[in-house]
>>> print(open('data-v2.pdb').read())   # PDB, C-alpha atoms, pLDDT in the B column
MODEL        1
ATOM      1  CA  MET A 198      76.201 103.578  95.788  1.00 63.00           C
ATOM      2  CA  THR A 199      79.529 104.762  97.138  1.00 67.00           C
ATOM      3  CA  ALA A 200      82.073 107.502  96.657  1.00 70.00           C
ATOM      4  CA  SER A 201      85.147 106.822  94.540  1.00 67.00           C
ATOM      5  CA  ASP A 202      87.444 106.990  97.583  1.00 75.00           C
ATOM      6  CA  VAL A 203      85.637 104.185  99.451  1.00 80.00           C
ATOM      7  CA  PRO A 204      86.944 100.659  98.761  1.00 87.00           C
ATOM      8  CA  VAL A 205      84.369  97.911  98.205  1.00 91.00           C
ATOM      9  CA  LEU A 206      84.527  94.175  98.922  1.00 92.00           C
ATOM     10  CA  ALA A 207      82.076  92.406  96.606  1.00 93.00           C
ATOM     11  CA  VAL A 208      81.214  88.732  96.955  1.00 93.00           C
ATOM     12  CA  VAL A 209      80.198  87.672  93.445  1.00 93.00           C
ATOM     13  CA  GLY A 210      79.247  84.058  92.842  1.00 90.00           C
ATOM     14  CA  ASP A 211      78.309  82.235  89.648  1.00 90.00           C
ATOM     15  CA  GLY A 212      74.579  81.834  90.356  1.00 87.00           C
ATOM     16  CA  PRO A 213      71.616  84.226  90.100  1.00 89.00           C
ATOM     17  CA  ALA A 214      72.787  86.331  93.049  1.00 87.00           C
ATOM     18  CA  GLY A 215      76.190  86.693  91.377  1.00 89.00           C
ATOM     19  CA  ALA A 216      74.533  87.969  88.201  1.00 91.00           C
ATOM     20  CA  ALA A 217      72.797  90.675  90.226  1.00 93.00           C
ATOM     21  CA  MET A 218      76.079  91.597  91.922  1.00 93.00           C
ATOM     22  CA  ARG A 219      77.828  91.921  88.558  1.00 94.00           C
ATOM     23  CA  GLU A 220      75.440  94.763  87.703  1.00 93.00           C
ATOM     24  CA  VAL A 221      76.335  96.486  90.968  1.00 94.00           C
ATOM     25  CA  VAL A 222      80.056  96.025  90.304  1.00 94.00           C
ATOM     26  CA  THR A 223      79.612  97.564  86.830  1.00 92.00           C
ATOM     27  CA  LYS A 224      78.000 100.644  88.372  1.00 92.00           C
ATOM     28  CA  LEU A 225      80.774 100.865  90.953  1.00 91.00           C
ATOM     29  CA  ASP A 226      83.346 100.701  88.161  1.00 89.00           C
ATOM     30  CA  GLU A 227      81.564 103.595  86.415  1.00 90.00           C
ATOM     31  CA  ARG A 228      82.019 105.591  89.643  1.00 89.00           C
ATOM     32  CA  ARG A 229      85.697 104.584  89.693  1.00 88.00           C
ATOM     33  CA  ALA A 230      85.387 102.823  93.038  1.00 89.00           C
ATOM     34  CA  ASP A 231      88.154 100.436  94.060  1.00 90.00           C
ATOM     35  CA  VAL A 232      86.480  97.032  94.027  1.00 92.00           C
ATOM     36  CA  VAL A 233      87.941  93.800  95.357  1.00 93.00           C
ATOM     37  CA  ALA A 234      85.839  90.850  94.221  1.00 94.00           C
ATOM     38  CA  ILE A 235      85.654  87.525  96.000  1.00 94.00           C
ATOM     39  CA  GLY A 236      84.385  84.667  93.864  1.00 93.00           C
ATOM     40  CA  PRO A 237      85.111  81.965  91.318  1.00 94.00           C
ATOM     41  CA  SER A 238      84.992  83.989  88.064  1.00 92.00           C
ATOM     42  CA  ALA A 239      86.703  87.042  86.608  1.00 92.00           C
ATOM     43  CA  ILE A 240      84.556  90.173  86.526  1.00 91.00           C
ATOM     44  CA  ASP A 241      84.836  93.085  84.110  1.00 88.00           C
ATOM     45  CA  GLY A 242      85.926  96.298  85.798  1.00 83.00           C
ATOM     46  CA  VAL A 243      87.530  94.579  88.787  1.00 91.00           C
ATOM     47  CA  ARG A 244      91.261  95.003  89.129  1.00 87.00           C
ATOM     48  CA  LEU A 245      91.723  92.653  92.084  1.00 92.00           C
ATOM     49  CA  ARG A 246      89.956  89.343  92.627  1.00 93.00           C
ATOM     50  CA  ILE A 247      90.341  86.799  95.400  1.00 93.00           C
ATOM     51  CA  ALA A 248      89.552  83.500  93.699  1.00 93.00           C
ATOM     52  CA  THR A 249      87.409  80.883  95.400  1.00 93.00           C
ATOM     53  CA  PRO A 250      86.338  77.472  94.063  1.00 93.00           C
ATOM     54  CA  SER A 251      83.200  77.245  91.960  1.00 91.00           C
ATOM     55  CA  VAL A 252      80.570  75.346  93.939  1.00 91.00           C
ATOM     56  CA  ASP A 253      76.790  75.228  94.151  1.00 88.00           C
ATOM     57  CA  GLU A 254      75.501  78.664  95.180  1.00 85.00           C
ATOM     58  CA  ARG A 255      73.984  77.195  98.343  1.00 87.00           C
ATOM     59  CA  TYR A 256      77.454  76.265  99.623  1.00 89.00           C
ATOM     60  CA  ALA A 257      79.468  79.173  98.223  1.00 89.00           C
ATOM     61  CA  PRO A 258      79.113  81.394 101.332  1.00 87.00           C
ATOM     62  CA  LEU A 259      81.073  78.812 103.317  1.00 88.00           C
ATOM     63  CA  LEU A 260      84.055  79.245 100.985  1.00 89.00           C
ATOM     64  CA  ASP A 261      83.625  82.938 100.159  1.00 89.00           C
ATOM     65  CA  ILE A 262      83.718  84.041 103.787  1.00 89.00           C
ATOM     66  CA  LEU A 263      87.137  82.469 104.501  1.00 89.00           C
ATOM     67  CA  PRO A 264      89.206  85.109 102.656  1.00 88.00           C
ATOM     68  CA  LEU A 265      87.192  87.840 104.377  1.00 91.00           C
ATOM     69  CA  GLN A 266      87.828  86.303 107.795  1.00 93.00           C
ATOM     70  CA  ARG A 267      91.561  86.188 107.073  1.00 91.00           C
ATOM     71  CA  LEU A 268      91.481  89.821 105.978  1.00 88.00           C
ATOM     72  CA  ALA A 269      89.660  90.813 109.172  1.00 91.00           C
ATOM     73  CA  LEU A 270      92.206  88.930 111.274  1.00 94.00           C
ATOM     74  CA  HIS A 271      95.117  90.582 109.465  1.00 93.00           C
ATOM     75  CA  LEU A 272      93.624  94.057 109.908  1.00 90.00           C
ATOM     76  CA  ALA A 273      92.872  93.405 113.582  1.00 93.00           C
ATOM     77  CA  LEU A 274      96.407  92.212 114.308  1.00 95.00           C
ATOM     78  CA  ARG A 275      97.899  95.092 112.352  1.00 93.00           C
ATOM     79  CA  SER A 276      95.964  97.715 114.321  1.00 83.00           C
ATOM     80  CA  ARG A 277      97.390  96.523 117.667  1.00 79.00           C
TER      81      ARG A 277
ENDMDL
END
>>> encode(input="data-v2.pdb", output="C-alpha cells")
Amino acid sequence: MTASDVPVLAVVGDGPAGAAMREVVTKLDERRADVVAIGPSAIDGVRLRIATPSVDERYAPLLDILPLQRLALHLALRSR
C-alpha cells in the first residue's frame, strides 16, 4: 500500500475492475491516505471525486483518462 502522506489517484469504474478498486480504496482510507477518485460513482472513504460519465467498462478508460491528462498539463505548466 502507501504511506498516509502520499496522495493517491484511483480510477474506479462501475464494472468488475471498479469493484476490485473499491476494496483497495477502503484499505487506503484505513491508512488515512488522501485519495482522489476518478469515476462515475461515489465511493465511501473518498473525500474528493472527479466525476466521469457512466459507460460500458470497455470504453471507460477513454473518458477516465481525460481528467488525468488535464491534471498532468496543469502540473507541467505550473512547474515552469
>>> resolve_selection(input="data-v2.pdb", expression="the PyMOL selection byres ((chain A and resi 247) around 10)", output="PyMOL selection string")
chain A and resi 208+233-239+245-246+248-249+261+264-265
>>> closest_residue(input="data-v2.pdb", among="A:Asp211, A:Ala230, A:Thr223, A:Arg275", to="A:Ser251", atoms="all atoms listed in the file")
A:Asp211
>>> resolve_selection(input="data-v2.pdb", expression="the PyMOL selection byres ((chain A and resi 231) around 10)", output="PDB file with C-alpha atoms, in the coordinates of the input")
ATOM      1  CA  ALA A 200      82.073 107.502  96.657  1.00 70.00           C
ATOM      2  CA  SER A 201      85.147 106.822  94.540  1.00 67.00           C
ATOM      3  CA  ASP A 202      87.444 106.990  97.583  1.00 75.00           C
ATOM      4  CA  VAL A 203      85.637 104.185  99.451  1.00 80.00           C
ATOM      5  CA  PRO A 204      86.944 100.659  98.761  1.00 87.00           C
ATOM      6  CA  VAL A 205      84.369  97.911  98.205  1.00 91.00           C
ATOM      7  CA  LEU A 206      84.527  94.175  98.922  1.00 92.00           C
ATOM      8  CA  VAL A 222      80.056  96.025  90.304  1.00 94.00           C
ATOM      9  CA  LEU A 225      80.774 100.865  90.953  1.00 91.00           C
ATOM     10  CA  ASP A 226      83.346 100.701  88.161  1.00 89.00           C
ATOM     11  CA  ARG A 228      82.019 105.591  89.643  1.00 89.00           C
ATOM     12  CA  ARG A 229      85.697 104.584  89.693  1.00 88.00           C
ATOM     13  CA  ALA A 230      85.387 102.823  93.038  1.00 89.00           C
ATOM     14  CA  VAL A 232      86.480  97.032  94.027  1.00 92.00           C
ATOM     15  CA  VAL A 233      87.941  93.800  95.357  1.00 93.00           C
ATOM     16  CA  ALA A 234      85.839  90.850  94.221  1.00 94.00           C
ATOM     17  CA  GLY A 242      85.926  96.298  85.798  1.00 83.00           C
ATOM     18  CA  VAL A 243      87.530  94.579  88.787  1.00 91.00           C
ATOM     19  CA  ARG A 244      91.261  95.003  89.129  1.00 87.00           C
ATOM     20  CA  LEU A 245      91.723  92.653  92.084  1.00 92.00           C
TER      21      LEU A 245
END
>>> resolve_selection(input="data-v2.pdb", expression="the PyMOL selection byres ((chain A and resi 254) around 12)", output="PyMOL selection string")
chain A and resi 208-216+236-237+250-253+255-261
>>> write_last_selection(input="data-v2.pdb", atoms="C-alpha atoms", output="tab-separated table (two decimals), in the coordinates of the input")
chain	number	residue	atom	x	y	z
A	208	VAL	CA	81.21	88.73	96.96
A	209	VAL	CA	80.20	87.67	93.44
A	210	GLY	CA	79.25	84.06	92.84
A	211	ASP	CA	78.31	82.24	89.65
A	212	GLY	CA	74.58	81.83	90.36
A	213	PRO	CA	71.62	84.23	90.10
A	214	ALA	CA	72.79	86.33	93.05
A	215	GLY	CA	76.19	86.69	91.38
A	216	ALA	CA	74.53	87.97	88.20
A	236	GLY	CA	84.38	84.67	93.86
A	237	PRO	CA	85.11	81.96	91.32
A	250	PRO	CA	86.34	77.47	94.06
A	251	SER	CA	83.20	77.24	91.96
A	252	VAL	CA	80.57	75.35	93.94
A	253	ASP	CA	76.79	75.23	94.15
A	255	ARG	CA	73.98	77.19	98.34
A	256	TYR	CA	77.45	76.26	99.62
A	257	ALA	CA	79.47	79.17	98.22
A	258	PRO	CA	79.11	81.39	101.33
A	259	LEU	CA	81.07	78.81	103.32
A	260	LEU	CA	84.06	79.24	100.98
A	261	ASP	CA	83.62	82.94	100.16
>>> atom_distance(input="data-v2.pdb", atom1="atom CA of A:Ala273", atom2="atom CA of A:Ala207")
20.1 Å
>>> atom_distance(input="data-v2.pdb", atom1="atom CA of A:Lys224", atom2="atom CA of A:Ile240")
12.5 Å
>>> build_atoms(input="data-v2.pdb", residues="stretch 233-244 of chain A", atoms="all heavy atoms", output="mmCIF file, in the frame of the given file")
data_model
loop_
_atom_site.group_PDB
_atom_site.id
_atom_site.type_symbol
_atom_site.label_atom_id
_atom_site.label_comp_id
_atom_site.auth_asym_id
_atom_site.auth_seq_id
_atom_site.Cartn_x
_atom_site.Cartn_y
_atom_site.Cartn_z
ATOM 1 N N VAL A 233 87.289 95.096 95.202
ATOM 2 C CA VAL A 233 87.941 93.800 95.357
ATOM 3 C C VAL A 233 86.825 92.764 95.327
ATOM 4 O O VAL A 233 85.906 92.813 96.153
ATOM 5 C CB VAL A 233 88.727 93.700 96.683
ATOM 6 C CG1 VAL A 233 89.314 92.314 96.840
ATOM 7 C CG2 VAL A 233 89.804 94.768 96.749
ATOM 8 N N ALA A 234 86.881 91.863 94.363
ATOM 9 C CA ALA A 234 85.839 90.850 94.221
ATOM 10 C C ALA A 234 86.315 89.532 94.806
ATOM 11 O O ALA A 234 87.475 89.160 94.669
ATOM 12 C CB ALA A 234 85.468 90.664 92.759
ATOM 13 N N ILE A 235 85.397 88.856 95.466
ATOM 14 C CA ILE A 235 85.654 87.525 96.000
ATOM 15 C C ILE A 235 84.699 86.586 95.273
ATOM 16 O O ILE A 235 83.480 86.787 95.314
ATOM 17 C CB ILE A 235 85.413 87.459 97.525
ATOM 18 C CG1 ILE A 235 86.408 88.352 98.263
ATOM 19 C CG2 ILE A 235 85.569 86.042 98.043
ATOM 20 C CD1 ILE A 235 85.833 89.621 98.720
ATOM 21 N N GLY A 236 85.240 85.594 94.587
ATOM 22 C CA GLY A 236 84.385 84.667 93.864
ATOM 23 C C GLY A 236 85.153 83.838 92.860
ATOM 24 O O GLY A 236 86.348 84.034 92.651
ATOM 25 N N PRO A 237 84.448 82.922 92.192
ATOM 26 C CA PRO A 237 85.111 81.965 91.318
ATOM 27 C C PRO A 237 85.424 82.460 89.900
ATOM 28 O O PRO A 237 86.225 81.846 89.208
ATOM 29 C CB PRO A 237 84.122 80.803 91.262
ATOM 30 C CG PRO A 237 82.800 81.440 91.511
ATOM 31 C CD PRO A 237 83.062 82.584 92.435
ATOM 32 N N SER A 238 84.823 83.555 89.456
ATOM 33 C CA SER A 238 84.992 83.989 88.064
ATOM 34 C C SER A 238 85.525 85.407 87.969
ATOM 35 O O SER A 238 85.275 86.236 88.847
ATOM 36 C CB SER A 238 83.641 83.939 87.335
ATOM 37 O OG SER A 238 83.111 82.646 87.384
ATOM 38 N N ALA A 239 86.227 85.683 86.872
ATOM 39 C CA ALA A 239 86.703 87.042 86.608
ATOM 40 C C ALA A 239 85.509 87.947 86.314
ATOM 41 O O ALA A 239 84.495 87.492 85.782
ATOM 42 C CB ALA A 239 87.661 87.033 85.420
ATOM 43 N N ILE A 240 85.646 89.212 86.682
ATOM 44 C CA ILE A 240 84.556 90.173 86.526
ATOM 45 C C ILE A 240 85.099 91.414 85.846
ATOM 46 O O ILE A 240 86.137 91.949 86.255
ATOM 47 C CB ILE A 240 83.961 90.540 87.902
ATOM 48 C CG1 ILE A 240 83.448 89.275 88.579
ATOM 49 C CG2 ILE A 240 82.859 91.562 87.768
ATOM 50 C CD1 ILE A 240 83.402 89.377 90.060
ATOM 51 N N ASP A 241 84.424 91.874 84.802
ATOM 52 C CA ASP A 241 84.836 93.085 84.110
ATOM 53 C C ASP A 241 84.822 94.273 85.064
ATOM 54 O O ASP A 241 83.889 94.429 85.851
ATOM 55 C CB ASP A 241 83.905 93.384 82.926
ATOM 56 C CG ASP A 241 84.037 92.355 81.818
ATOM 57 O OD1 ASP A 241 85.090 91.698 81.754
ATOM 58 O OD2 ASP A 241 83.093 92.223 81.025
ATOM 59 N N GLY A 242 85.851 95.091 84.982
ATOM 60 C CA GLY A 242 85.926 96.298 85.798
ATOM 61 C C GLY A 242 86.556 96.104 87.159
ATOM 62 O O GLY A 242 86.727 97.048 87.903
ATOM 63 N N VAL A 243 86.911 94.867 87.485
ATOM 64 C CA VAL A 243 87.530 94.579 88.787
ATOM 65 C C VAL A 243 89.020 94.344 88.577
ATOM 66 O O VAL A 243 89.419 93.490 87.790
ATOM 67 C CB VAL A 243 86.876 93.345 89.455
ATOM 68 C CG1 VAL A 243 87.635 92.925 90.692
ATOM 69 C CG2 VAL A 243 85.433 93.636 89.777
ATOM 70 N N ARG A 244 89.813 95.120 89.281
ATOM 71 C CA ARG A 244 91.261 95.003 89.129
ATOM 72 C C ARG A 244 91.857 93.919 90.024
ATOM 73 O O ARG A 244 92.891 93.360 89.735
ATOM 74 C CB ARG A 244 91.923 96.338 89.427
ATOM 75 C CG ARG A 244 91.621 97.380 88.385
ATOM 76 C CD ARG A 244 92.251 98.710 88.756
ATOM 77 N NE ARG A 244 91.584 99.817 88.116
ATOM 78 C CZ ARG A 244 90.457 100.383 88.534
ATOM 79 N NH1 ARG A 244 89.855 99.932 89.594
ATOM 80 N NH2 ARG A 244 89.926 101.388 87.888
#
